[in-house]
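File shown: entry-v2.json. Contents: JSON, C-alpha atoms.
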[["chain", "number", "residue", "atom", "x", "y", "z"],
["A", 9, "THR", "CA", 17.85, -10.98, 0.79],
["A", 10, "LEU", "CA", 18.33, -14.69, 1.40],
["A", 11, "GLY", "CA", 20.80, -14.66, 4.30],
["A", 12, "PRO", "CA", 21.48, -12.99, 7.68],
["A", 13, "VAL", "CA", 23.28, -9.97, 6.17],
["A", 14, "HIS", "CA", 21.26, -6.86, 5.37],
["A", 15, "GLY", "CA", 20.70, -6.10, 1.70],
["A", 16, "THR", "CA", 21.48, -2.71, 0.20],
["A", 17, "SER", "CA", 19.23, 0.01, 1.57],
["A", 18, "THR", "CA", 17.74, 0.50, -1.91],
["A", 19, "GLY", "CA", 16.89, -2.78, -3.59],
["A", 20, "VAL", "CA", 15.09, -1.39, -6.66],
["A", 21, "ASP", "CA", 15.55, 2.16, -7.98],
["A", 22, "ILE", "CA", 13.62, 3.17, -11.12],
["A", 23, "ALA", "CA", 13.78, 6.80, -12.26],
["A", 24, "VAL", "CA", 12.19, 7.83, -15.57],
["A", 25, "ALA", "CA", 12.24, 11.39, -16.88],
["A", 26, "GLY", "CA", 9.01, 10.86, -18.82],
["A", 27, "ASP", "CA", 6.16, 8.38, -18.43],
["A", 28, "ALA", "CA", 6.42, 4.82, -17.06],
["A", 29, "VAL", "CA", 4.07, 1.86, -17.56],
["A", 30, "ILE", "CA", 4.12, -1.38, -15.53],
["A", 31, "THR", "CA", 1.47, -3.69, -16.94],
["A", 32, "ASN", "CA", 0.31, -7.17, -17.99],
["A", 33, "ALA", "CA", 1.17, -8.97, -14.73],
["A", 34, "ALA", "CA", 4.68, -7.49, -14.58],
["A", 35, "ALA", "CA", 6.21, -7.44, -11.11],
["A", 36, "VAL", "CA", 8.62, -5.17, -9.24],
["A", 37, "THR", "CA", 9.59, -6.84, -5.97],
["A", 38, "ALA", "CA", 12.03, -6.69, -3.06],
["A", 39, "SER", "CA", 11.92, -9.31, -0.32],
["A", 40, "THR", "CA", 13.78, -10.94, 2.54],
["A", 41, "ARG", "CA", 13.47, -14.53, 3.76],
["A", 42, "ASN", "CA", 16.05, -14.42, 6.55],
["A", 43, "ALA", "CA", 17.50, -12.09, 9.22],
["A", 44, "GLY", "CA", 18.84, -9.59, 6.72],
["A", 45, "ASP", "CA", 16.65, -6.58, 5.95],
["A", 46, "GLY", "CA", 15.10, -6.26, 2.52],
["A", 47, "GLY", "CA", 15.85, -3.30, 0.27],
["A", 48, "ASP", "CA", 13.57, -0.37, -0.52],
["A", 49, "ILE", "CA", 11.71, 0.12, -3.80],
["A", 50, "ARG", "CA", 11.98, 3.67, -5.18],
["A", 51, "LEU", "CA", 9.94, 4.72, -8.20],
["A", 52, "ALA", "CA", 10.11, 8.16, -9.81],
["A", 53, "ALA", "CA", 8.46, 9.27, -13.05],
["A", 54, "GLY", "CA", 6.26, 11.88, -14.67],
["A", 55, "ASN", "CA", 3.09, 9.87, -15.22],
["A", 56, "MET", "CA", 3.18, 6.29, -13.90],
["A", 57, "GLU", "CA", 0.60, 3.64, -14.81],
["A", 58, "VAL", "CA", 0.40, 0.27, -13.03],
["A", 59, "SER", "CA", -2.26, -1.89, -14.67],
["A", 60, "ASN", "CA", -3.61, -5.27, -15.79],
["A", 61, "GLY", "CA", -2.58, -7.33, -12.79],
["A", 62, "ALA", "CA", 0.84, -5.74, -12.32],
["A", 63, "LEU", "CA", 2.39, -5.99, -8.85],
["A", 64, "ILE", "CA", 4.77, -3.82, -6.84],
["A", 65, "SER", "CA", 5.68, -5.60, -3.62],
["A", 66, "ALA", "CA", 8.05, -5.39, -0.66],
["A", 67, "GLN", "CA", 7.74, -8.22, 1.84],
["A", 68, "THR", "CA", 9.42, -10.15, 4.60],
["A", 69, "THR", "CA", 8.90, -13.83, 5.34],
["A", 70, "GLY", "CA", 11.80, -13.91, 7.82],
["A", 71, "ALA", "CA", 13.29, -11.98, 10.74],
["A", 72, "GLY", "CA", 14.58, -9.13, 8.59],
["A", 73, "GLN", "CA", 12.52, -6.00, 8.07],
["A", 74, "ALA", "CA", 10.74, -5.48, 4.77],
["A", 75, "GLY", "CA", 11.91, -2.56, 2.68],
["A", 76, "ASP", "CA", 9.87, 0.59, 2.14],
["A", 77, "ILE", "CA", 8.07, 1.49, -1.10],
["A", 78, "HIS", "CA", 8.40, 5.11, -2.26],
["A", 79, "PHE", "CA", 6.60, 6.75, -5.20],
["A", 80, "GLY", "CA", 7.59, 10.24, -6.31],
["A", 81, "VAL", "CA", 5.53, 11.08, -9.40],
["A", 82, "GLU", "CA", 3.35, 13.69, -11.07],
["A", 83, "GLN", "CA", 0.48, 11.25, -11.64],
["A", 84, "LEU", "CA", -0.02, 7.68, -10.40],
["A", 85, "ARG", "CA", -2.78, 5.58, -11.95],
["A", 86, "LEU", "CA", -3.60, 2.02, -10.87],
["A", 87, "ALA", "CA", -6.13, 0.01, -12.88],
["A", 88, "GLY", "CA", -7.19, -3.49, -13.83],
["A", 89, "GLY", "CA", -6.47, -5.22, -10.53],
["A", 90, "ALA", "CA", -2.96, -3.78, -10.11],
["A", 91, "ARG", "CA", -1.55, -3.99, -6.58],
["A", 92, "VAL", "CA", 1.02, -2.23, -4.42],
["A", 93, "LEU", "CA", 1.70, -4.35, -1.33],
["A", 94, "ASN", "CA", 3.96, -4.28, 1.73],
["A", 95, "THR", "CA", 3.56, -7.33, 3.97],
["A", 96, "THR", "CA", 5.12, -9.32, 6.78],
["A", 97, "THR", "CA", 4.40, -12.96, 7.60],
["A", 98, "ASN", "CA", 7.15, -13.55, 10.19],
["A", 99, "THR", "CA", 9.04, -11.71, 12.95],
["A", 100, "GLY", "CA", 10.43, -9.01, 10.68],
["A", 101, "ALA", "CA", 8.53, -5.72, 10.68],
["A", 102, "GLY", "CA", 6.74, -4.49, 7.58],
["A", 103, "GLY", "CA", 7.91, -1.43, 5.67],
["A", 104, "GLN", "CA", 6.27, 1.89, 4.86],
["A", 105, "VAL", "CA", 4.38, 2.70, 1.66],
["A", 106, "THR", "CA", 4.65, 6.37, 0.72],
["A", 107, "VAL", "CA", 3.05, 7.86, -2.38],
["A", 108, "THR", "CA", 3.65, 11.51, -3.25],
["A", 109, "ALA", "CA", 2.06, 12.79, -6.47],
["A", 110, "SER", "CA", 2.18, 16.45, -7.50],
["A", 111, "ASN", "CA", -1.00, 16.18, -9.65],
["A", 112, "VAL", "CA", -3.23, 13.16, -9.02],
["A", 113, "ILE", "CA", -3.46, 9.63, -7.61],
["A", 114, "ALA", "CA", -6.22, 7.59, -9.31],
["A", 115, "LEU", "CA", -7.20, 3.99, -8.54],
["A", 116, "THR", "CA", -9.89, 2.07, -10.41],
["A", 117, "GLY", "CA", -10.87, -1.43, -11.53],
["A", 118, "SER", "CA", -10.39, -3.28, -8.20],
["A", 119, "SER", "CA", -6.81, -2.06, -7.90],
["A", 120, "GLY", "CA", -5.35, -1.30, -4.50],
["A", 121, "ILE", "CA", -2.53, -0.20, -2.23],
["A", 122, "ALA", "CA", -2.10, -2.13, 1.01],
["A", 123, "SER", "CA", 0.08, -2.61, 4.06],
["A", 124, "ALA", "CA", -0.55, -5.72, 6.15],
["A", 125, "THR", "CA", 0.82, -8.04, 8.82],
["A", 126, "PHE", "CA", -0.08, -11.70, 9.12],
["A", 127, "SER", "CA", 2.19, -12.32, 12.12],
["A", 128, "GLN", "CA", 3.38, -10.94, 15.46],
["A", 129, "ALA", "CA", 5.40, -8.19, 13.77],
["A", 130, "ASP", "CA", 3.96, -4.73, 13.18],
["A", 131, "ALA", "CA", 3.06, -3.61, 9.68],
["A", 132, "GLY", "CA", 4.36, -0.37, 8.22],
["A", 133, "GLY", "CA", 2.18, 2.64, 7.55],
["A", 134, "LEU", "CA", 0.50, 3.76, 4.32],
["A", 135, "MET", "CA", 0.83, 7.47, 3.51],
["A", 136, "LEU", "CA", -0.50, 9.32, 0.45],
["A", 137, "SER", "CA", -0.13, 12.98, -0.44],
["A", 138, "THR", "CA", -1.61, 14.58, -3.58],
["A", 139, "PRO", "CA", -3.81, 17.49, -4.68],
["A", 140, "VAL", "CA", -6.41, 15.07, -6.12],
["A", 141, "LEU", "CA", -7.21, 11.51, -5.02],
["A", 142, "SER", "CA", -9.76, 9.51, -7.04],
["A", 143, "LEU", "CA", -10.95, 6.02, -6.06],
["A", 144, "ASP", "CA", -13.55, 4.16, -8.11],
["A", 145, "SER", "CA", -14.83, 0.73, -9.25],
["A", 146, "GLY", "CA", -13.84, -1.27, -6.19],
["A", 147, "ALA", "CA", -10.43, 0.32, -5.63],
["A", 148, "THR", "CA", -9.11, 0.16, -2.05],
["A", 149, "LEU", "CA", -6.53, 1.62, 0.30],
["A", 150, "ARG", "CA", -5.91, -0.83, 3.15],
["A", 151, "SER", "CA", -3.86, -1.06, 6.34],
["A", 152, "GLN", "CA", -4.67, -4.29, 8.14],
["A", 153, "THR", "CA", -3.56, -6.93, 10.61],
["A", 154, "GLY", "CA", -4.44, -10.59, 10.58],
["A", 155, "GLY", "CA", -2.06, -11.49, 13.41],
["A", 156, "ASP", "CA", -0.71, -10.28, 16.75],
["A", 157, "GLY", "CA", 1.24, -7.40, 15.20],
["A", 158, "ASN", "CA", -0.38, -3.99, 14.85],
["A", 159, "ALA", "CA", -1.49, -2.49, 11.56],
["A", 160, "GLY", "CA", 0.33, 0.68, 10.53],
["A", 161, "PRO", "CA", -1.37, 4.09, 10.30],
["A", 162, "LEU", "CA", -3.31, 4.97, 7.14],
["A", 163, "GLN", "CA", -2.72, 8.67, 6.50],
["A", 164, "ILE", "CA", -4.06, 10.56, 3.49],
["A", 165, "ALA", "CA", -3.52, 14.27, 2.82],
["A", 166, "VAL", "CA", -5.26, 15.65, -0.28],
["A", 167, "GLY", "CA", -6.69, 18.82, -1.69],
["A", 168, "ARG", "CA", -9.77, 17.19, -3.22],
["A", 169, "ARG", "CA", -10.92, 13.62, -2.91],
["A", 170, "THR", "CA", -13.65, 11.70, -4.76],
["A", 171, "ARG", "CA", -14.72, 8.12, -4.24],
["A", 172, "GLY", "CA", -17.48, 5.93, -5.64],
["A", 173, "GLY", "CA", -18.38, 2.57, -7.12],
["A", 174, "GLY", "CA", -17.61, 0.49, -4.02],
["A", 175, "ALA", "CA", -14.17, 2.01, -3.41],
["A", 176, "ALA", "CA", -13.04, 2.07, 0.23],
["A", 177, "LEU", "CA", -10.47, 3.13, 2.80],
["A", 178, "ILE", "CA", -9.98, 0.25, 5.24],
["A", 179, "GLY", "CA", -8.05, 0.07, 8.51],
["A", 180, "THR", "CA", -8.94, -3.16, 10.31],
["A", 181, "SER", "CA", -7.86, -6.02, 12.51],
["A", 182, "GLY", "CA", -8.98, -9.19, 10.80],
["A", 183, "ILE", "CA", -8.18, -10.01, 7.16],
["A", 184, "ALA", "CA", -10.55, -11.96, 4.93],
["A", 185, "VAL", "CA", -8.46, -14.47, 2.95],
["A", 186, "ALA", "CA", -11.35, -16.52, 1.51],
["A", 187, "PRO", "CA", -15.16, -16.53, 1.70],
["A", 188, "GLY", "CA", -16.01, -17.23, 5.33],
["A", 189, "THR", "CA", -12.35, -17.28, 6.43],
["A", 190, "ILE", "CA", -10.91, -14.34, 8.40],
["A", 191, "LEU", "CA", -7.43, -14.28, 9.93],
["A", 192, "THR", "CA", -7.47, -12.67, 13.37],
["A", 193, "GLY", "CA", -5.10, -12.00, 16.25],
["A", 194, "THR", "CA", -4.46, -9.57, 19.07],
["A", 195, "GLY", "CA", -3.01, -6.85, 16.83],
["A", 196, "THR", "CA", -4.68, -3.44, 16.76],
["A", 197, "GLY", "CA", -6.30, -2.17, 13.59],
["A", 198, "SER", "CA", -5.05, 0.90, 11.80],
["A", 199, "PRO", "CA", -6.08, 4.44, 12.67],
["A", 200, "VAL", "CA", -7.38, 6.17, 9.52],
["A", 201, "THR", "CA", -6.57, 9.86, 9.08],
["A", 202, "LEU", "CA", -8.00, 11.72, 6.09],
["A", 203, "THR", "CA", -7.34, 15.41, 5.52],
["A", 204, "ALA", "CA", -8.95, 17.17, 2.53],
["A", 205, "THR", "CA", -8.24, 20.89, 2.24],
["A", 206, "ALA", "CA", -10.70, 21.59, -0.61],
["A", 207, "SER", "CA", -13.55, 19.09, -0.99],
["A", 208, "LEU", "CA", -14.63, 15.54, -0.15],
["A", 209, "ASP", "CA", -17.08, 13.61, -2.34],
["A", 210, "ILE", "CA", -18.12, 10.12, -1.21],
["A", 211, "THR", "CA", -20.63, 8.26, -3.40],
["A", 212, "GLY", "CA", -21.20, 4.52, -3.08],
["A", 213, "GLY", "CA", -18.02, 3.93, -1.10],
["A", 214, "GLY", "CA", -16.95, 4.01, 2.52],
["A", 215, "VAL", "CA", -14.38, 4.50, 5.24],
["A", 216, "ALA", "CA", -14.06, 1.49, 7.56],
["A", 217, "ARG", "CA", -12.19, 0.91, 10.79],
["A", 218, "HIS", "CA", -13.28, -2.18, 12.67],
["A", 219, "ALA", "CA", -11.97, -5.13, 14.66],
["A", 220, "VAL", "CA", -12.62, -8.83, 14.23],
["A", 221, "GLY", "CA", -11.08, -10.72, 17.12],
["A", 222, "ALA", "CA", -9.12, -9.41, 20.09],
["A", 223, "GLY", "CA", -7.34, -6.52, 18.32]]

The structure in this file should be written as structure tokens.
Amino acid sequence: TLGPVHGTSTGVDIAVAGDAVITNAAAVTASTRNAGDGGDIRLAAGNMEVSNGALISAQTTGAGQAGDIHFGVEQLRLAGGARVLNTTTNTGAGGQVTVTASNVIALTGSSGIASATFSQADAGGLMLSTPVLSLDSGATLRSQTGGDGNAGPLQIAVGRRTRGGGAALIGTSGIAVAPGTILTGTGTGSPVTLTATASLDITGGGVARHAVGAG
């Protein structure tokens, strides 16, 4: 969306009966730079792989609200530095990221899913629901603020969850953008809610909620 008029409520709609692969720095994006709201990204598939630097992103750099990102899959696997991001850098609010997988969500290889605000606008929440969640090799789930807007809630509902190899769940105020450089503001960091109905296995990883600055 480039102007003051709202875009369509769904900006990108991808539905695949079988498997879907987004890889090799491919990008699926929806954004707004003005007062019009951005469209949602909706992804549905059996098994979905996002890998090798691929990006799925909804963002606002204007006064319009960023669209939401919705996954409805059997399995979602992120690897090789792949990213799912929803961000705001201006007065428009961030959108929600919702991932629902009927079998498993697996992140590895420094991949991540994040919701963040770098401005006075609030970020959207990050919500995952799956029987099995696996995080490994530096993978992260983040809800953060580096400005005066509040971070959205980080909510995870799983049957069984395993994490290791430096993987982390992070809900913070203060965003590191370079070595020794942290963006801060008055925004409040994200509450982190984790519900595991079967088992929880944490090895070499962590859950972090902390504040750097006034938030």

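Checking A:Thr31, A:Gln163, A:Thr125, A:Ala204 one by one against Ser181 (chain A), counting all atoms listed in the file, you find the shortest gap at A:Thr125.
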
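Across the model, the gap from CA of Ala124 (chain A) to CA of Ala74 (chain A) is 11.4 Å.
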
Can you write out as CSV which residues of region 141-188 of chain A fall within 12 Å of region 87-96 of chain A, alongside each residue's closest atom pair and its distance in Å to one decimal, counting only C-alpha atoms and ordering rows by chain and ascending residue number?
residue,atom,partner,partner_atom,distance
A:Ser142,CA,A:Ala87,CA,11.7
A:Leu143,CA,A:Ala87,CA,10.3
A:Asp144,CA,A:Ala87,CA,9.7
A:Ser145,CA,A:Ala87,CA,9.5
A:Gly146,CA,A:Gly89,CA,9.4
A:Ala147,CA,A:Gly89,CA,8.4
A:Thr148,CA,A:Arg91,CA,9.7
A:Leu149,CA,A:Val92,CA,9.7
A:Arg150,CA,A:Leu93,CA,9.5
A:Ser151,CA,A:Asn94,CA,9.6
A:Gln152,CA,A:Thr95,CA,9.7
A:Thr153,CA,A:Thr95,CA,9.7
A:Gly154,CA,A:Thr96,CA,10.4
A:Gly155,CA,A:Thr96,CA,10.0
A:Asp156,CA,A:Thr96,CA,11.6
A:Gly157,CA,A:Thr96,CA,9.5
A:Asn158,CA,A:Thr96,CA,11.1
A:Ala159,CA,A:Thr95,CA,10.3
A:Gly160,CA,A:Asn94,CA,10.7

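For the point (13.8, 5.4, -9.0) in file coordinates, the residues within 12 Å, using all atoms listed in the file, are Thr18, Gly19, Val20, Asp21, Ile22, Ala23, Val24, Ala25, Ala28, Val36, Asp48, Ile49, Arg50, Leu51, Ala52, Ala53, Gly54, Met56, Ile77, His78, Phe79, Gly80 and Val81 of chain A.
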
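In this model, the gap between CA of Thr97 (chain A) and CA of Asn60 (chain A) comes to 25.9 Å.
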
Quote the spacing between CA of Ser123 (chain A) and CA of Gly167 (chain A) in Å to one decimal place.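 These atoms are spaced 23.2 Å apart.
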
From the set A:Leu141, A:Thr37, A:Met135, A:Ser119, which residue has the shortest atom-to-atom contact distance to Gln83 (chain A), counting only C-alpha atoms? A:Leu141

Selected residue, from A:Ala122, A:Ser127, A:Gly197, A:Ala109, that lies nearest to Val166 (chain A) when counting only C-alpha atoms: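 So, comparing all the options, the nearest one is A:Ala109.
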
Have a look at A:Asp76, A:Asp130, A:Asp27, A:Glu82 and name the one nearest to Thr194 (chain A); count all atoms listed in the file.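 Comparing A:Asp76, A:Asp130, A:Asp27, A:Glu82 against Thr194 (chain A), the winner is A:Asp130.
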
Top pick for closest residue to Ser39 (chain A), considering A:Thr108, A:Gln67, A:Ser198, A:Thr205 and counting only C-alpha atoms: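 Result for the nearest residue to Ser39 (chain A): A:Gln67.
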
Polymer residues at most 9 Å from Thr201 (chain A), all atoms listed in the file, same-chain spacing of 6 or more positions, as a list in words: Pro161, Leu162, Gln163, Ile164 and Ala165 of chain A

Would you mind putting N, CA, C and O atoms back on region 80-98 of chain A and writing the result as an mmCIF file, in the coordinates of the input?
data_model
loop_
_atom_site.group_PDB
_atom_site.id
_atom_site.type_symbol
_atom_site.label_atom_id
_atom_site.label_comp_id
_atom_site.auth_asym_id
_atom_site.auth_seq_id
_atom_site.Cartn_x
_atom_site.Cartn_y
_atom_site.Cartn_z
ATOM 1 N N GLY A 80 7.499 8.803 -6.136
ATOM 2 C CA GLY A 80 7.590 10.240 -6.310
ATOM 3 C C GLY A 80 7.262 10.559 -7.756
ATOM 4 O O GLY A 80 8.110 10.403 -8.643
ATOM 5 N N VAL A 81 6.014 10.954 -8.029
ATOM 6 C CA VAL A 81 5.530 11.080 -9.400
ATOM 7 C C VAL A 81 4.671 12.335 -9.551
ATOM 8 O O VAL A 81 4.300 12.972 -8.568
ATOM 9 N N GLU A 82 4.350 12.671 -10.819
ATOM 10 C CA GLU A 82 3.350 13.690 -11.070
ATOM 11 C C GLU A 82 1.947 13.079 -10.982
ATOM 12 O O GLU A 82 1.069 13.602 -10.306
ATOM 13 N N GLN A 83 1.753 11.962 -11.671
ATOM 14 C CA GLN A 83 0.480 11.250 -11.640
ATOM 15 C C GLN A 83 0.739 9.763 -11.436
ATOM 16 O O GLN A 83 1.638 9.200 -12.061
ATOM 17 N N LEU A 84 -0.052 9.127 -10.577
ATOM 18 C CA LEU A 84 -0.020 7.680 -10.400
ATOM 19 C C LEU A 84 -1.408 7.133 -10.674
ATOM 20 O O LEU A 84 -2.384 7.557 -10.038
ATOM 21 N N ARG A 85 -1.501 6.197 -11.617
ATOM 22 C CA ARG A 85 -2.780 5.580 -11.950
ATOM 23 C C ARG A 85 -2.644 4.062 -11.840
ATOM 24 O O ARG A 85 -1.796 3.458 -12.482
ATOM 25 N N LEU A 86 -3.506 3.464 -11.007
ATOM 26 C CA LEU A 86 -3.600 2.020 -10.870
ATOM 27 C C LEU A 86 -4.929 1.568 -11.431
ATOM 28 O O LEU A 86 -5.974 2.163 -11.136
ATOM 29 N N ALA A 87 -4.905 0.499 -12.242
ATOM 30 C CA ALA A 87 -6.130 0.010 -12.880
ATOM 31 C C ALA A 87 -6.011 -1.476 -13.144
ATOM 32 O O ALA A 87 -4.928 -2.058 -13.128
ATOM 33 N N GLY A 88 -7.178 -2.099 -13.399
ATOM 34 C CA GLY A 88 -7.190 -3.490 -13.830
ATOM 35 C C GLY A 88 -6.616 -4.472 -12.834
ATOM 36 O O GLY A 88 -5.901 -5.406 -13.204
ATOM 37 N N GLY A 89 -6.932 -4.276 -11.542
ATOM 38 C CA GLY A 89 -6.470 -5.220 -10.530
ATOM 39 C C GLY A 89 -5.021 -5.086 -10.146
ATOM 40 O O GLY A 89 -4.470 -5.977 -9.481
ATOM 41 N N ALA A 90 -4.362 -3.999 -10.504
ATOM 42 C CA ALA A 90 -2.960 -3.780 -10.110
ATOM 43 C C ALA A 90 -2.868 -3.622 -8.598
ATOM 44 O O ALA A 90 -3.793 -3.133 -7.949
ATOM 45 N N ARG A 91 -1.727 -4.016 -8.023
ATOM 46 C CA ARG A 91 -1.550 -3.990 -6.580
ATOM 47 C C ARG A 91 -0.192 -3.412 -6.192
ATOM 48 O O ARG A 91 0.819 -3.683 -6.826
ATOM 49 N N VAL A 92 -0.198 -2.647 -5.111
ATOM 50 C CA VAL A 92 1.020 -2.230 -4.420
ATOM 51 C C VAL A 92 0.900 -2.769 -3.009
ATOM 52 O O VAL A 92 -0.037 -2.405 -2.279
ATOM 53 N N LEU A 93 1.833 -3.644 -2.595
ATOM 54 C CA LEU A 93 1.700 -4.350 -1.330
ATOM 55 C C LEU A 93 2.992 -4.277 -0.513
ATOM 56 O O LEU A 93 4.088 -4.377 -1.071
ATOM 57 N N ASN A 94 2.847 -4.135 0.802
ATOM 58 C CA ASN A 94 3.960 -4.280 1.730
ATOM 59 C C ASN A 94 3.477 -5.162 2.862
ATOM 60 O O ASN A 94 2.539 -4.800 3.583
ATOM 61 N N THR A 95 4.087 -6.341 3.024
ATOM 62 C CA THR A 95 3.560 -7.330 3.970
ATOM 63 C C THR A 95 4.660 -7.987 4.789
ATOM 64 O O THR A 95 5.818 -8.059 4.376
ATOM 65 N N THR A 96 4.264 -8.480 5.964
ATOM 66 C CA THR A 96 5.120 -9.320 6.780
ATOM 67 C C THR A 96 4.339 -10.555 7.214
ATOM 68 O O THR A 96 3.169 -10.459 7.592
ATOM 69 N N THR A 97 5.004 -11.705 7.156
ATOM 70 C CA THR A 97 4.400 -12.960 7.600
ATOM 71 C C THR A 97 5.249 -13.653 8.661
ATOM 72 O O THR A 97 5.005 -14.814 8.983
ATOM 73 N N ASN A 98 6.267 -12.930 9.207
ATOM 74 C CA ASN A 98 7.150 -13.550 10.190
ATOM 75 C C ASN A 98 7.513 -12.497 11.236
ATOM 76 O O ASN A 98 6.743 -11.575 11.474
#
